[in-house]
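Novice: Enclosed is the structure file model25.cif (mmCIF, C-alpha atoms (C1' of nucleotides)).
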```cif
data_final
#
loop_
_atom_site.label_atom_id
_atom_site.label_comp_id
_atom_site.auth_asym_id
_atom_site.auth_seq_id
_atom_site.Cartn_x
_atom_site.Cartn_y
_atom_site.Cartn_z
CA MET W 1 -23.66 -48.46 6.89
CA ALA W 2 -24.71 -44.92 6.19
CA VAL W 3 -27.48 -46.12 3.89
CA THR W 4 -29.53 -48.85 5.51
CA THR W 5 -30.52 -51.96 3.64
CA ASP W 6 -34.10 -50.94 4.24
CA ALA W 7 -33.60 -47.63 2.51
CA ILE W 8 -32.06 -49.45 -0.43
CA LEU W 9 -35.06 -51.75 -0.70
CA ASP W 10 -37.26 -48.71 -0.59
CA THR W 11 -35.48 -46.93 -3.37
CA ALA W 12 -35.09 -50.08 -5.42
CA THR W 13 -38.82 -50.66 -5.24
CA ARG W 14 -39.55 -47.21 -6.52
CA VAL W 15 -37.04 -47.41 -9.32
CA LEU W 16 -37.95 -50.93 -10.43
CA ALA W 17 -41.69 -50.34 -10.17
CA ALA W 18 -41.30 -47.30 -12.40
CA SER W 19 -39.29 -49.23 -14.96
CA PRO W 20 -38.67 -52.92 -14.42
CA ALA W 21 -35.81 -52.90 -16.86
CA ALA W 22 -33.82 -50.49 -14.70
CA THR W 23 -30.16 -51.33 -14.29
CA LEU W 24 -28.50 -52.11 -10.99
CA ALA W 25 -26.44 -49.04 -11.73
CA ASP W 26 -29.66 -47.04 -11.84
CA VAL W 27 -30.79 -48.49 -8.54
CA ALA W 28 -27.45 -47.80 -6.88
CA ARG W 29 -27.40 -44.24 -8.18
CA ALA W 30 -30.93 -43.61 -6.97
CA ALA W 31 -30.07 -45.04 -3.58
CA GLY W 32 -26.97 -42.84 -3.34
CA ILE W 33 -24.48 -45.68 -3.13
CA SER W 34 -22.00 -47.15 -5.54
CA ARG W 35 -22.70 -50.16 -7.65
CA THR W 36 -19.94 -52.01 -5.80
CA THR W 37 -21.58 -51.44 -2.45
CA LEU W 38 -24.92 -52.56 -3.79
CA PHE W 39 -23.28 -55.85 -4.69
CA THR W 40 -22.05 -56.30 -1.13
CA ARG W 41 -25.66 -56.12 0.09
CA PHE W 42 -27.21 -58.23 -2.66
CA ALA W 43 -24.87 -60.59 -4.43
CA THR W 44 -27.02 -60.84 -7.55
CA ARG W 45 -29.89 -59.05 -9.21
CA GLU W 46 -32.05 -62.07 -8.51
CA GLU W 47 -31.29 -61.77 -4.81
CA LEU W 48 -32.31 -58.13 -4.77
CA LEU W 49 -35.55 -58.84 -6.57
CA LEU W 50 -36.41 -61.63 -4.17
CA ALA W 51 -35.65 -59.41 -1.19
CA LEU W 52 -37.94 -56.78 -2.68
CA ALA W 53 -40.75 -59.26 -3.10
CA ALA W 54 -40.25 -60.68 0.38
CA ASP W 55 -40.32 -57.19 1.82
CA ALA W 56 -43.54 -56.36 0.02
CA LEU W 57 -45.17 -59.58 1.20
CA ASP W 58 -43.96 -58.93 4.75
CA ARG W 59 -45.70 -55.59 4.73
CA ILE W 60 -48.90 -57.04 3.37
CA ASP W 61 -48.80 -59.78 6.02
CA THR W 62 -48.40 -57.16 8.69
CA ALA W 63 -51.22 -55.09 7.26
CA ILE W 64 -53.48 -58.13 7.20
CA SER W 65 -52.83 -59.09 10.77
CA ASP W 66 -53.07 -55.46 11.94
CA ALA W 67 -56.42 -55.13 10.26
CA GLY W 68 -57.58 -58.40 11.77
CA VAL W 69 -58.58 -59.85 8.42
CA ASP W 70 -57.90 -63.36 9.66
CA ASP W 71 -59.75 -62.75 12.91
CA ALA W 72 -63.05 -64.59 12.58
CA SER W 73 -64.58 -62.59 15.42
CA ARG W 74 -63.99 -59.28 13.70
CA ASP W 75 -66.40 -57.66 11.27
CA PRO W 76 -64.94 -58.75 7.93
CA LEU W 77 -65.90 -55.58 6.09
CA LEU W 78 -64.41 -53.33 8.72
CA ALA W 79 -61.26 -55.40 8.53
CA LEU W 80 -61.23 -55.03 4.77
CA ALA W 81 -61.67 -51.29 5.14
CA ASP W 82 -58.70 -51.08 7.49
CA LEU W 83 -56.67 -53.26 5.18
CA THR W 84 -57.49 -51.05 2.22
CA GLU W 85 -56.29 -47.99 4.07
CA THR W 86 -52.99 -49.62 4.96
CA VAL W 87 -52.38 -51.29 1.65
CA ILE W 88 -52.86 -48.36 -0.70
CA PRO W 89 -49.58 -46.73 0.34
CA LEU W 90 -47.92 -50.03 -0.55
CA GLY W 91 -48.96 -49.39 -4.13
CA ALA W 92 -45.46 -49.12 -5.54
CA ARG W 93 -44.54 -52.42 -3.93
CA LEU W 94 -47.64 -54.11 -5.30
CA GLY W 95 -46.96 -52.66 -8.70
CA TYR W 96 -43.52 -54.12 -8.61
CA LEU W 97 -44.85 -57.56 -7.67
CA LEU W 98 -47.44 -57.41 -10.42
CA ARG W 99 -45.10 -56.48 -13.16
CA GLU W 100 -42.07 -58.53 -12.27
CA ARG W 101 -42.90 -61.68 -14.14
CA SER W 102 -39.45 -63.16 -13.62
CA LEU W 103 -40.54 -64.08 -10.08
CA ASP W 104 -43.69 -65.85 -11.20
CA ASP W 105 -42.23 -69.32 -10.89
CA ASP W 106 -40.77 -68.87 -7.44
CA GLU W 107 -42.67 -71.44 -5.40
CA GLY W 108 -42.09 -69.74 -2.08
CA LEU W 109 -43.49 -66.45 -3.27
CA LYS W 110 -46.43 -68.13 -4.97
CA GLU W 111 -47.25 -69.93 -1.75
CA ARG W 112 -47.07 -66.74 0.31
CA TRP W 113 -49.23 -64.91 -2.17
CA ALA W 114 -51.76 -67.74 -2.14
CA ARG W 115 -51.96 -67.59 1.64
CA ILE W 116 -52.65 -63.86 1.54
CA ASP W 117 -55.28 -64.41 -1.09
CA ARG W 118 -56.89 -67.13 1.00
CA GLY W 119 -57.15 -64.82 3.98
CA ILE W 120 -58.98 -62.19 1.99
CA VAL W 121 -61.24 -64.68 0.28
CA ASP W 122 -62.16 -66.15 3.67
CA ALA W 123 -63.05 -62.72 4.96
CA ILE W 124 -65.30 -62.22 1.93
CA ARG W 125 -66.93 -65.59 2.58
CA ARG W 126 -67.64 -64.58 6.16
CA ALA W 127 -69.17 -61.36 4.88
CA GLN W 128 -71.30 -63.40 2.51
CA ALA W 129 -72.41 -65.67 5.32
CA ALA W 130 -73.42 -62.57 7.26
CA GLU W 131 -75.34 -61.36 4.22
CA ARG W 132 -73.16 -58.31 3.91
CA VAL W 133 -71.80 -59.31 0.52
CA ARG W 134 -73.85 -60.71 -2.34
CA ALA W 135 -73.83 -64.48 -2.27
CA ASP W 136 -74.44 -64.77 -6.01
CA LEU W 137 -70.88 -63.64 -6.76
CA PRO W 138 -67.89 -65.95 -6.36
CA ALA W 139 -65.87 -64.91 -3.32
CA LEU W 140 -62.74 -65.40 -5.41
CA TRP W 141 -63.99 -62.76 -7.79
CA VAL W 142 -64.90 -60.27 -5.09
CA ALA W 143 -61.40 -60.64 -3.66
CA ASP W 144 -59.90 -60.09 -7.10
CA ALA W 145 -62.09 -57.08 -7.69
CA TRP W 146 -61.00 -55.58 -4.39
CA PHE W 147 -57.37 -56.12 -5.20
CA TRP W 148 -57.51 -54.57 -8.64
CA LEU W 149 -59.52 -51.62 -7.40
CA VAL W 150 -56.69 -50.99 -4.97
CA VAL W 151 -54.29 -51.08 -7.90
CA ALA W 152 -56.59 -48.74 -9.80
CA VAL W 153 -56.55 -46.24 -6.97
CA TRP W 154 -52.84 -46.40 -6.66
CA GLU W 155 -52.38 -45.78 -10.38
CA ALA W 156 -54.86 -42.94 -10.30
CA VAL W 157 -53.17 -41.32 -7.33
CA GLU W 158 -49.81 -41.76 -9.00
CA ALA W 159 -51.14 -40.04 -12.11
CA GLY W 160 -52.68 -37.26 -10.05
CA ARG W 161 -56.20 -38.14 -11.13
CA ILE W 162 -57.55 -38.49 -7.64
CA ALA W 163 -56.47 -37.22 -4.25
CA PRO W 164 -54.60 -39.72 -2.08
CA VAL W 165 -56.94 -39.07 0.80
CA ASP W 166 -59.95 -40.26 -1.19
CA GLY W 167 -58.37 -43.57 -2.09
CA SER W 168 -59.74 -46.05 0.36
CA ARG W 169 -63.21 -44.50 0.38
CA LEU W 170 -63.42 -44.83 -3.40
CA VAL W 171 -62.30 -48.44 -3.37
CA LEU W 172 -64.79 -49.47 -0.72
CA THR W 173 -67.83 -47.62 -1.96
CA THR W 174 -67.16 -48.73 -5.51
CA LEU W 175 -66.69 -52.33 -4.47
CA LEU W 176 -69.61 -52.56 -2.05
CA ASP W 177 -72.13 -49.98 -3.17
CA GLY W 178 -71.30 -49.87 -6.85
CA THR W 179 -71.16 -46.80 -9.03
CA GLY W 180 -74.67 -47.02 -10.46
CA THR W 181 -77.69 -45.26 -9.04
CA ARG W 182 -80.15 -47.50 -7.27
CA MET R 183 -45.28 -64.54 -46.76
CA ALA R 184 -46.41 -67.84 -45.34
CA VAL R 185 -46.74 -66.32 -41.90
CA THR R 186 -48.62 -63.05 -42.02
CA THR R 187 -47.41 -60.00 -40.19
CA ASP R 188 -50.69 -60.08 -38.32
CA ALA R 189 -50.05 -63.58 -37.05
CA ILE R 190 -46.63 -62.48 -35.89
CA LEU R 191 -48.12 -59.58 -33.96
CA ASP R 192 -50.56 -61.99 -32.44
CA THR R 193 -47.93 -64.41 -31.28
CA ALA R 194 -45.60 -61.65 -30.17
CA THR R 195 -48.34 -60.20 -28.01
CA ARG R 196 -48.92 -63.50 -26.30
CA VAL R 197 -45.24 -64.15 -25.72
CA LEU R 198 -44.39 -60.66 -24.57
CA ALA R 199 -47.45 -60.33 -22.37
CA ALA R 200 -46.51 -63.56 -20.66
CA SER R 201 -42.96 -62.44 -20.10
CA PRO R 202 -41.93 -58.95 -21.16
CA ALA R 203 -38.29 -59.88 -21.08
CA ALA R 204 -38.75 -62.46 -23.82
CA THR R 205 -36.09 -62.47 -26.50
CA LEU R 206 -36.74 -61.76 -30.15
CA ALA R 207 -35.49 -65.30 -30.66
CA ASP R 208 -38.30 -66.48 -28.39
CA VAL R 209 -40.85 -64.49 -30.35
CA ALA R 210 -39.57 -65.78 -33.67
CA ARG R 211 -39.59 -69.37 -32.46
CA ALA R 212 -43.11 -69.04 -31.11
CA ALA R 213 -44.25 -67.54 -34.40
CA GLY R 214 -42.64 -70.33 -36.35
CA ILE R 215 -40.23 -68.15 -38.30
CA SER R 216 -36.52 -67.54 -38.10
CA ARG R 217 -35.00 -64.66 -36.22
CA THR R 218 -33.66 -63.29 -39.51
CA THR R 219 -37.11 -63.17 -41.03
CA LEU R 220 -38.48 -61.43 -38.00
CA PHE R 221 -35.90 -58.72 -38.55
CA THR R 222 -37.08 -58.22 -42.11
CA ARG R 223 -40.58 -57.45 -40.78
CA PHE R 224 -39.50 -55.32 -37.84
CA ALA R 225 -36.08 -53.77 -38.10
CA THR R 226 -35.65 -53.35 -34.36
CA ARG R 227 -37.18 -54.57 -31.15
CA GLU R 228 -38.50 -51.08 -30.55
CA GLU R 229 -40.31 -51.17 -33.86
CA LEU R 230 -41.98 -54.46 -33.00
CA LEU R 231 -43.10 -53.18 -29.62
CA LEU R 232 -44.57 -50.05 -31.16
CA ALA R 233 -46.39 -52.09 -33.78
CA LEU R 234 -47.80 -54.23 -30.99
CA ALA R 235 -49.03 -51.22 -29.10
CA ALA R 236 -50.49 -49.64 -32.23
CA ASP R 237 -52.29 -52.87 -33.03
CA ALA R 238 -53.75 -53.07 -29.54
CA LEU R 239 -54.92 -49.47 -29.72
CA ASP R 240 -56.40 -50.05 -33.16
CA ARG R 241 -58.49 -52.87 -31.78
CA ILE R 242 -59.66 -50.83 -28.84
CA ASP R 243 -60.58 -47.98 -31.18
CA THR R 244 -62.59 -50.36 -33.28
CA ALA R 245 -64.29 -51.83 -30.24
CA ILE R 246 -65.19 -48.35 -29.03
CA SER R 247 -66.72 -47.25 -32.29
CA ASP R 248 -68.50 -50.59 -32.74
CA ALA R 249 -70.02 -50.26 -29.30
CA GLY R 250 -71.02 -46.68 -30.02
CA VAL R 251 -69.33 -45.36 -26.92
CA ASP R 252 -68.75 -41.99 -28.59
CA ASP R 253 -72.29 -41.86 -29.89
CA ALA R 254 -74.07 -39.32 -27.72
CA SER R 255 -77.48 -40.62 -28.78
CA ARG R 256 -76.77 -44.13 -27.57
CA ASP R 257 -77.43 -45.33 -24.01
CA PRO R 258 -73.99 -44.92 -22.45
CA LEU R 259 -74.33 -47.91 -20.16
CA LEU R 260 -75.41 -50.23 -22.96
CA ALA R 261 -72.46 -48.99 -24.96
CA LEU R 262 -70.18 -49.71 -22.03
CA ALA R 263 -71.64 -53.18 -21.72
CA ASP R 264 -70.96 -53.88 -25.38
CA LEU R 265 -67.48 -52.48 -25.06
CA THR R 266 -66.76 -54.67 -22.07
CA GLU R 267 -67.78 -57.76 -24.00
CA THR R 268 -65.50 -56.89 -26.89
CA VAL R 269 -62.56 -55.73 -24.86
CA ILE R 270 -62.17 -58.65 -22.49
CA PRO R 271 -60.76 -60.91 -25.21
CA LEU R 272 -58.19 -58.21 -25.84
CA GLY R 273 -56.86 -58.90 -22.38
CA ALA R 274 -53.45 -60.14 -23.44
CA ARG R 275 -52.98 -57.02 -25.53
CA LEU R 276 -54.01 -54.77 -22.68
CA GLY R 277 -51.73 -56.64 -20.34
CA TYR R 278 -48.88 -56.06 -22.69
CA LEU R 279 -49.62 -52.34 -22.88
CA LEU R 280 -49.85 -52.11 -19.10
CA ARG R 281 -46.63 -53.83 -18.38
CA GLU R 282 -44.44 -52.47 -21.12
CA ARG R 283 -43.17 -49.39 -19.40
CA SER R 284 -40.56 -48.72 -22.07
CA LEU R 285 -43.34 -47.25 -24.20
CA ASP R 286 -44.56 -44.88 -21.54
CA ASP R 287 -42.83 -41.85 -22.97
CA ASP R 288 -44.00 -42.30 -26.52
CA GLU R 289 -46.07 -39.19 -27.14
CA GLY R 290 -48.12 -40.67 -29.94
CA LEU R 291 -49.23 -43.63 -27.86
CA LYS R 292 -49.94 -41.45 -24.84
CA GLU R 293 -52.13 -39.23 -26.98
CA ARG R 294 -54.05 -42.16 -28.43
CA TRP R 295 -54.54 -43.63 -25.00
CA ALA R 296 -55.74 -40.31 -23.67
CA ARG R 297 -58.30 -40.06 -26.46
CA ILE R 298 -59.66 -43.51 -25.66
CA ASP R 299 -59.82 -42.57 -22.02
CA ARG R 300 -61.67 -39.37 -22.85
CA GLY R 301 -64.28 -41.29 -24.80
CA ILE R 302 -65.01 -43.57 -21.89
CA VAL R 303 -65.02 -40.76 -19.37
CA ASP R 304 -67.46 -38.83 -21.53
CA ALA R 305 -69.78 -41.81 -21.67
CA ILE R 306 -69.64 -42.03 -17.88
CA ARG R 307 -70.45 -38.34 -17.65
CA ARG R 308 -73.46 -38.81 -19.87
CA ALA R 309 -74.58 -41.67 -17.66
CA GLN R 310 -74.15 -39.40 -14.65
CA ALA R 311 -76.19 -36.68 -16.33
CA ALA R 312 -78.93 -39.26 -16.92
CA GLU R 313 -78.72 -40.24 -13.26
CA ARG R 314 -77.68 -43.74 -14.13
CA VAL R 315 -74.28 -43.39 -12.46
CA ARG R 316 -73.67 -41.81 -9.08
CA ALA R 317 -72.79 -38.15 -9.49
CA ASP R 318 -70.81 -38.05 -6.24
CA LEU R 319 -68.00 -40.07 -7.79
CA PRO R 320 -65.45 -38.53 -10.18
CA ALA R 321 -66.13 -39.75 -13.71
CA LEU R 322 -62.40 -40.21 -14.10
CA TRP R 323 -62.44 -42.68 -11.26
CA VAL R 324 -65.42 -44.63 -12.55
CA ALA R 325 -63.64 -44.99 -15.88
CA ASP R 326 -60.49 -46.18 -14.12
CA ALA R 327 -62.47 -48.62 -12.02
CA TRP R 328 -64.11 -50.05 -15.13
CA PHE R 329 -60.77 -50.47 -16.84
CA TRP R 330 -59.11 -52.24 -13.95
CA LEU R 331 -62.08 -54.50 -13.39
CA VAL R 332 -61.67 -55.57 -16.99
CA VAL R 333 -58.04 -56.32 -16.24
CA ALA R 334 -59.11 -58.20 -13.13
CA VAL R 335 -61.46 -60.38 -15.12
CA TRP R 336 -58.88 -61.09 -17.72
CA GLU R 337 -56.35 -62.13 -15.07
CA ALA R 338 -58.92 -64.26 -13.32
CA VAL R 339 -59.93 -65.98 -16.53
CA GLU R 340 -56.28 -66.50 -17.40
CA ALA R 341 -55.74 -68.11 -14.01
CA GLY R 342 -58.83 -70.25 -14.40
CA ARG R 343 -60.55 -68.65 -11.42
CA ILE R 344 -63.67 -67.68 -13.30
CA ALA R 345 -65.31 -68.86 -16.50
CA PRO R 346 -64.66 -66.71 -19.58
CA VAL R 347 -68.36 -66.52 -20.27
CA ASP R 348 -69.05 -64.82 -16.93
CA GLY R 349 -66.51 -62.09 -17.53
CA SER R 350 -68.47 -59.13 -18.77
CA ARG R 351 -71.41 -59.80 -16.47
CA LEU R 352 -69.12 -59.76 -13.45
CA VAL R 353 -67.44 -56.53 -14.49
CA LEU R 354 -70.70 -54.72 -15.06
CA THR R 355 -72.61 -55.87 -12.03
CA THR R 356 -69.62 -55.27 -9.81
CA LEU R 357 -69.04 -51.82 -11.22
CA LEU R 358 -72.67 -50.66 -11.28
CA ASP R 359 -74.46 -52.65 -8.60
CA GLY R 360 -71.57 -53.28 -6.24
CA THR R 361 -70.82 -56.47 -4.40
CA GLY R 362 -72.47 -55.54 -1.11
CA THR R 363 -76.02 -56.40 -0.15
CA ARG R 364 -78.43 -53.51 -0.23
"C1'" DG H 365 -36.09 -74.19 -66.90
"C1'" DC H 366 -35.44 -69.21 -65.40
"C1'" DG H 367 -35.95 -65.44 -62.45
"C1'" DC H 368 -37.59 -63.60 -58.49
"C1'" DA H 369 -39.00 -63.48 -53.88
"C1'" DT H 370 -38.89 -65.46 -49.51
"C1'" DC H 371 -37.20 -68.07 -46.19
"C1'" DC H 372 -33.50 -70.44 -43.91
"C1'" DT H 373 -28.92 -71.40 -41.13
"C1'" DA H 374 -24.70 -69.72 -39.70
"C1'" DA H 375 -21.63 -66.66 -38.61
"C1'" DC H 376 -20.24 -62.16 -37.10
"C1'" DA H 377 -19.66 -57.47 -34.69
"C1'" DT H 378 -21.41 -54.73 -31.17
"C1'" DC H 379 -23.13 -53.44 -26.93
"C1'" DA H 380 -25.02 -53.27 -22.37
"C1'" DG H 381 -25.57 -55.34 -18.05
"C1'" DT H 382 -23.74 -58.47 -14.52
"C1'" DG H 383 -20.62 -59.84 -11.35
"C1'" DT H 384 -15.56 -59.60 -9.66
"C1'" DT H 385 -11.36 -57.58 -8.17
"C1'" DC H 386 -8.43 -54.18 -6.26
"C1'" DA H 387 -6.17 -50.15 -4.73
"C1'" DG H 388 -7.34 -45.92 -2.62
"C1'" DT H 389 -10.41 -42.87 0.48
"C1'" DT H 390 -12.97 -41.67 4.32
"C1'" DC H 391 -14.58 -42.07 8.71
"C1'" DC H 392 -15.14 -43.57 13.34
"C1'" DG H 393 -13.94 -45.54 17.66
"C1'" DA H 394 -10.18 -47.17 20.73
"C1'" DT M 395 -2.98 -41.44 15.95
"C1'" DC M 396 -3.67 -45.98 14.83
"C1'" DG M 397 -6.54 -49.76 12.85
"C1'" DG M 398 -10.39 -51.54 10.94
"C1'" DA M 399 -14.68 -51.26 8.58
"C1'" DA M 400 -17.27 -49.34 4.92
"C1'" DC M 401 -17.48 -47.15 0.72
"C1'" DT M 402 -15.57 -45.68 -3.62
"C1'" DG M 403 -14.09 -45.49 -8.70
"C1'" DA M 404 -11.88 -47.98 -12.19
"C1'" DA M 405 -10.88 -51.70 -14.42
"C1'" DC M 406 -11.86 -56.37 -16.02
"C1'" DA M 407 -14.04 -60.83 -17.89
"C1'" DC M 408 -18.20 -62.83 -19.17
"C1'" DT M 409 -22.62 -63.39 -20.98
"C1'" DG M 410 -26.61 -62.84 -23.69
"C1'" DA M 411 -29.33 -60.01 -26.75
"C1'" DT M 412 -29.44 -57.11 -30.80
"C1'" DG M 413 -28.73 -56.20 -35.32
"C1'" DT M 414 -26.05 -57.39 -39.78
"C1'" DT M 415 -24.41 -60.04 -43.49
"C1'" DA M 416 -23.69 -63.77 -46.66
"C1'" DG M 417 -24.68 -68.10 -49.00
"C1'" DG M 418 -27.77 -71.57 -49.83
"C1'" DA M 419 -32.48 -73.82 -50.06
"C1'" DT M 420 -37.28 -73.61 -51.38
"C1'" DG M 421 -41.14 -72.37 -53.91
"C1'" DC M 422 -43.95 -70.11 -57.38
"C1'" DG M 423 -45.27 -67.80 -61.58
"C1'" DC M 424 -43.95 -67.33 -66.34
#
```
Go ahead and render the structure in this file as structure tokens.

Specialist:
Amino acid sequence: MAVTTDAILDTATRVLAASPAATLADVARAAGISRTTLFTRFATREELLLALAADALDRIDTAISDAGVDDASRDPLLALADLTETVIPLGARLGYLLRERSLDDDEGLKERWARIDRGIVDAIRRAQAAERVRADLPALWVADAWFWLVVAVWEAVEAGRIAPVDGSRLVLTTLLDGTGTR
Amino acid sequence: MAVTTDAILDTATRVLAASPAATLADVARAAGISRTTLFTRFATREELLLALAADALDRIDTAISDAGVDDASRDPLLALADLTETVIPLGARLGYLLRERSLDDDEGLKERWARIDRGIVDAIRRAQAAERVRADLPALWVADAWFWLVVAVWEAVEAGRIAPVDGSRLVLTTLLDGTGTR
DNA sequence: GCGCATCCTAACATCAGTGTTCAGTTCCGA
DNA sequence: TCGGAACTGAACACTGATGTTAGGATGCGC
């Protein structure tokens, strides 16, 4: 097993995020293995896609628990800041999840995604209760806004429009402070 | 021509935005015409996709000039507010453009997109010059943030998480005022 | 009714991607 | 050096989508 399954997932994510219509032959080539070998790891395309999604969700889960987003005793905004930092490098994986509509009906994935969402929304609610986040905005929306700003940063970094190092700062100040002058 | 080409574009956008892998047979069925007829309007799939993209860009162009975004004498933030209002209903078309990576290398589309982007960035710069938008943030980023917040609203409306009527207000207050308490 | 345009269904060729099989190789440890 | 495990290229069948073609129905103005 010269090329680990992990490395394949990694490459596959990059290739499929860049162009979701990419062939398994493309993926195999990019991963430096033969198409035949790829099929020994993942029996079908579907299986590979699901593994990719599961991997991405695993990493987000880890990032969430590392950042202590679900920890009610932790400052929710600090947790969100940590999460932002960790999640931005997962951009390609998120991009893949966003674009791969063929997985939209998978109940398991939907459920996992909903749980992640709930965790973030709860953190926002706690921040609202602590009067750190405006209470006149739906927490659901604030969570959405955070998520899509992360996507925005990732796209901008990808396109070379902003420096990677500025990413999480831009997301947080834009989300919390806004871009207008006071 | 019982079914206008415009109506076909409309339906095709909806179908393809919902699932980019949709077949031309799917599109034809959804539009209420036969596959054969669809081929008389658009000789190839590629041609249909390009027409879709061109249509979306046309509408954005119109929205931009209607809102007076390029008009240096107009209040840039009011223009942006108008633009937001008009652009949100174009969500499905934007979603299609975002997800359809097969068009990414088309030079014509890239150029048109870049011009649109430039218009918005310029408006942001004018707002910065008038001290209405923070000068410590790259205008490029503020433009990106605006765009992705629009996408966020569209997705949230689509998913029934927020009311359509709240859309543009949420985008603007989130972008300019931020979601944090002062 | 005639001619023209438009749409339809049905069939067809073509092609690309998926998934399978197999014989041959390389490599690594016993 | 032997044996097994892993990988390979090459071939194959199968499927589904694209694009083409032909023949027939429908409708509309003249």

Novice: List as a PyMOL selection string the protein and nucleic acid residues near Trp336 (chain R), meaning an atom at most 9 Å away when all atoms listed in the file are counted, but skip any in the same chain fewer than 5 places from it.

Specialist: chain R and resi 270-274+277+331+341+346+349

Novice: Contacts of region 245-251 of chain R at 8 Å or less, counting only C-alpha atoms (C1' of nucleotides), minus same-chain residues fewer than 3 places along, as an mmCIF file with C-alpha atoms, keeping the file's coordinate frame?

Specialist:
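Contents of the output file result25.cif:
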```
data_model
loop_
_atom_site.group_PDB
_atom_site.id
_atom_site.type_symbol
_atom_site.label_atom_id
_atom_site.label_comp_id
_atom_site.auth_asym_id
_atom_site.auth_seq_id
_atom_site.Cartn_x
_atom_site.Cartn_y
_atom_site.Cartn_z
ATOM 1 C CA ARG R 241 -58.490 -52.870 -31.780
ATOM 2 C CA ILE R 242 -59.660 -50.830 -28.840
ATOM 3 C CA ALA R 254 -74.070 -39.320 -27.720
ATOM 4 C CA ARG R 256 -76.770 -44.130 -27.570
ATOM 5 C CA PRO R 258 -73.990 -44.920 -22.450
ATOM 6 C CA ALA R 261 -72.460 -48.990 -24.960
ATOM 7 C CA LEU R 262 -70.180 -49.710 -22.030
ATOM 8 C CA ASP R 264 -70.960 -53.880 -25.380
ATOM 9 C CA LEU R 265 -67.480 -52.480 -25.060
ATOM 10 C CA THR R 268 -65.500 -56.890 -26.890
ATOM 11 C CA VAL R 269 -62.560 -55.730 -24.860
ATOM 12 C CA GLY R 301 -64.280 -41.290 -24.800
ATOM 13 C CA ILE R 302 -65.010 -43.570 -21.890
ATOM 14 C CA ALA R 305 -69.780 -41.810 -21.670
#
```

Novice: Given the file shown, enumerate the residues that the PyMOL selection byres ((chain R) within 7 of (chain W)) captures and present them as number ranges by chain.

Specialist: R: 201, 281, 283, 313-316, 326-327, 330-331, 334, 356-363

Novice: Contacts between chain W and chain M, please, where a residue of chain M counts if it comes within 9 Å (with all atoms listed in the file); show its shortest atom pair and distance in Å to one decimal, rows by chain and ascending number, as JSON lines.

Specialist:
```
{"residue": "M:DA400", "atom": "C1'", "partner": "W:Met1", "partner_atom": "CA", "distance": 6.7}
{"residue": "M:DC401", "atom": "C1'", "partner": "W:Thr37", "partner_atom": "CA", "distance": 6.7}
{"residue": "M:DT402", "atom": "C1'", "partner": "W:Ser34", "partner_atom": "CA", "distance": 6.9}
{"residue": "M:DG403", "atom": "C1'", "partner": "W:Ser34", "partner_atom": "CA", "distance": 8.7}
```

Novice: Draw an axis-aligned box tight on the listed atoms of region 405-418 of chain M, then pad every side by 3 Å and write out centre and edge lengths in Å to one decimal as JSON.

Specialist:
```
{"center_x": -20.2, "center_y": -61.6, "center_z": -32.1, "size_x": 24.6, "size_y": 25.9, "size_z": 41.4}
```

Novice: Restrict the calculation to all atoms listed in the file, then for each residue of chain H with any atom at most 12 Å from an atom of chain R give the closest atom pair and their distance in Å to one decimal, rows by chain and rising residue number, as JSON lines.

Specialist:
```
{"residue": "H:DA369", "atom": "C1'", "partner": "R:Met183", "partner_atom": "CA", "distance": 9.6}
{"residue": "H:DT370", "atom": "C1'", "partner": "R:Met183", "partner_atom": "CA", "distance": 7.0}
{"residue": "H:DC371", "atom": "C1'", "partner": "R:Thr219", "partner_atom": "CA", "distance": 7.1}
{"residue": "H:DC372", "atom": "C1'", "partner": "R:Ser216", "partner_atom": "CA", "distance": 7.2}
{"residue": "H:DT373", "atom": "C1'", "partner": "R:Ser216", "partner_atom": "CA", "distance": 9.0}
{"residue": "H:DA374", "atom": "C1'", "partner": "R:Thr218", "partner_atom": "CA", "distance": 11.0}
```

Novice: Which polymer residues have any atom within 12 Å of an atom of DT414 (chain M), counting only C-alpha atoms (C1' of nucleotides), with same-chain residues fewer than 6 positions away left out, as a PyMOL selection string?

Specialist: (chain R and resi 218+221-222+225-226) or (chain H and resi 375-378)

Novice: Starting from the shown file, work through the PyMOL selection byres ((chain H and resi 381) around 12) and note down what comes out as number ranges by chain.

Specialist: W: 21-26, 35, 44-45; H: 379-380, 382-383; M: 408-411

Novice: For this file, the PyMOL selection byres ((chain R and resi 239) around 12) selects which residues, as an MDAnalysis selection string?

Specialist: chainID R and resid 232:238 240:246 269 272 275:276 278:279 290:299

Novice: Could you tell me how far CA of Ser168 (chain W) sits from CA of Asp71 (chain W), in Å to one decimal place?

Specialist: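 Straight-line distance from CA of Asp71 (chain W) to CA of Ser168 (chain W) works out to 20.9 Å.
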
Novice: Find the distance between CA of Glu229 (chain R) and C1' of DT412 (chain M) and write it in Å to one decimal.

Specialist: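 These atoms are spaced 12.8 Å apart.
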